[in-house]
Amino acid sequence: MKTIQNCLATAFTAAFTTAFIAATSATSFGQTTVTITTGDSASTATRAEKFTKKVDRVTTDFSVYLGLNGFGNSLPSAYDLRPIGSRFVALSWQKRIPVATSGTTKIRFVTGPEVAWNNFMFENNTVLTDRNGQVTAETASIPLRKSKFVTTQLNLPLMVNVALKSGFSISVGAYAGIRLDSYTAQKPDNGRTIRTHGAFELNPVRWGLTTELGFRGCSKLFVRYEPNSPFRAGQTPDSSVWAVGVKL
């Protein structure tokens with residue numbers, strides 16, 4: 001009888017010991033697995049968040065400006081322009097630099113190079129001439145289908161952009177630029193277009209004020225104004241330059 005009891009006790013003890021070891025191993029393995037998985041996920045999420053913040057800090061946009069432009073101030077009738085033919089075009093590469101973006105109102109600096117074209121299309125068979133340092137608008141000796149004066153500039157704008165929670169966005173700032181090219185183009189009624197490149201007594205550096213408004217992610221309206229004449233002082237009638245249109 002004692003022998004049977006001893007055998008049963010020994011078998012019970014062995015079974016209990018085996019079960020305890022198995023349970024302990026399973027628990028330890030489960031804890032280790034959960035800890036490793038959780039740690040890796042948290043670390044990966046943290047790295048992803050830091051990477052996202054770094055990439056989103058400064059963004060770059062490519063924009064196209066299309067609009068109309070003209071001369072300001074009171075000029076002689078010889079400088080009258082065709083409203084629709086006198087167009088403004090600019091290709092812009094802009095960087096948006098966050099200043100305050102944590103609240104509902106976000107503020108950014110906007111800057112970047114652009115190439116801009118002012119096309120001044122004349123009325124009344126007029127041509128722009130440069131003789132002996134004097135730029136004047138004169139009547140052409142032959143009938144013209146069109147006559148225009150074009151300037152090309154490399155500009156660098158600097159604007160402060162304010163975007164509201166509603167999505168409305170407004171930018172205000174200024175720009176300065178240097179002349180890349182300028183020319184006149186006349187197309188007779190019967191004949192090829194004649195282009196004449198030259199400095200035309202233009203100031204090598206021009207500057208102006210600009211504002212843009214619209215909604216984030218949509219096309220915006222823009223207005224530009226150069227208070228000073230694009231030509232050197234005393235060498236043509238004094239005139240400002242304006243441009244209005246849409247930023248795409």
# chains A, B, ... in the order shown; residues from 1 in each chain; ligands from 1

$ residues_around --residues "Pro230 of chain A" --least-positions-apart "5" --cutoff "7 Å" --atoms "only C-alpha atoms" --output "count of residues only"
3

$ closest_atom_pairs --of "segment 158-243 of chain A" --to "segment 101-112 of chain A" --cutoff "6 Å" --atoms "only C-alpha atoms" --output "tab-separated table"
residue	atom	partner	partner_atom	distance
A:Leu158	CA	A:Thr111	CA	4.8
A:Met159	CA	A:Val110	CA	5.1
A:Val160	CA	A:Phe109	CA	4.8
A:Asn161	CA	A:Arg108	CA	5.1
A:Val162	CA	A:Ile107	CA	4.7
A:Ala163	CA	A:Lys106	CA	5.2
A:Leu164	CA	A:Thr105	CA	4.7
A:Lys165	CA	A:Thr104	CA	5.1

$ residues_around --residues "Arg216 of chain A" --least-positions-apart "3" --cutoff "9 Å" --atoms "only C-alpha atoms" --output "CSV table (one decimal) with N, CA and C atoms, in the first residue's frame"
chain,number,residue,atom,x,y,z
A,163,ALA,N,-2.8,82.3,-43.5
A,163,ALA,CA,-3.8,81.3,-43.8
A,163,ALA,C,-4.7,81.1,-42.6
A,167,GLY,N,-9.5,78.4,-44.6
A,167,GLY,CA,-8.9,78.1,-45.8
A,167,GLY,C,-8.5,79.4,-46.6
A,168,PHE,N,-9.1,80.6,-46.2
A,168,PHE,CA,-8.7,81.8,-46.8
A,168,PHE,C,-7.3,82.2,-46.6
A,169,SER,N,-6.6,82.6,-47.7
A,169,SER,CA,-5.2,82.9,-47.6
A,169,SER,C,-4.9,84.2,-48.2
A,219,SER,N,-6.7,78.5,-57.2
A,219,SER,CA,-6.1,79.6,-57.8
A,219,SER,C,-6.3,80.9,-57.0
A,220,LYS,N,-5.4,81.8,-57.1
A,220,LYS,CA,-5.5,83.0,-56.4
A,220,LYS,C,-5.4,84.3,-57.3

$ residues_around --residues "Asp181 of chain A" --least-positions-apart "6" --cutoff "8 Å" --atoms "only C-alpha atoms" --output "ChimeraX atom specification"
/A:151-153,197-199

$ write_last_selection --atoms "N, CA and C atoms" --output "compact mmCIF listing (two decimals), in the first residue's frame"
# COMPACT_ATOMS: atom_id res chain seq x y z
N THR A 151 9.52 93.23 -71.88
CA THR A 151 10.65 93.16 -70.95
C THR A 151 10.62 91.80 -70.25
N THR A 152 11.82 91.26 -70.00
CA THR A 152 11.96 89.99 -69.28
C THR A 152 12.83 90.24 -68.05
N GLN A 153 12.34 89.79 -66.90
CA GLN A 153 13.04 90.03 -65.65
C GLN A 153 13.22 88.75 -64.85
N HIS A 197 16.18 94.00 -80.33
CA HIS A 197 16.59 93.84 -78.93
C HIS A 197 17.47 95.00 -78.51
N GLY A 198 17.35 95.40 -77.26
CA GLY A 198 18.16 96.49 -76.73
C GLY A 198 17.78 96.80 -75.30
N ALA A 199 18.56 97.67 -74.67
CA ALA A 199 18.30 98.03 -73.27
C ALA A 199 17.15 99.02 -73.15

$ residues_around --residues "segment 79-86 of chain A" --least-positions-apart "2" --cutoff "9 Å" --atoms "only C-alpha atoms" --output "ChimeraX atom specification"
/A:67-71,75-77,88,118-124,126,128,136-138,148

$ select_by_dssp --residues "segment 21-202 of chain A" --states "strand (DSSP E or B)" --output "PyMOL selection string"
chain A and resi 59-71+81+87-100+106-111+114-122+126-131+134-139+144-163+168-188+194-197+202

$ residues_around --residues "Lys187 of chain A" --least-positions-apart "5" --cutoff "7 Å" --atoms "only C-alpha atoms" --output "JSON, numbers by chain"
{"A": [144, 145, 146, 147, 192, 193, 194]}
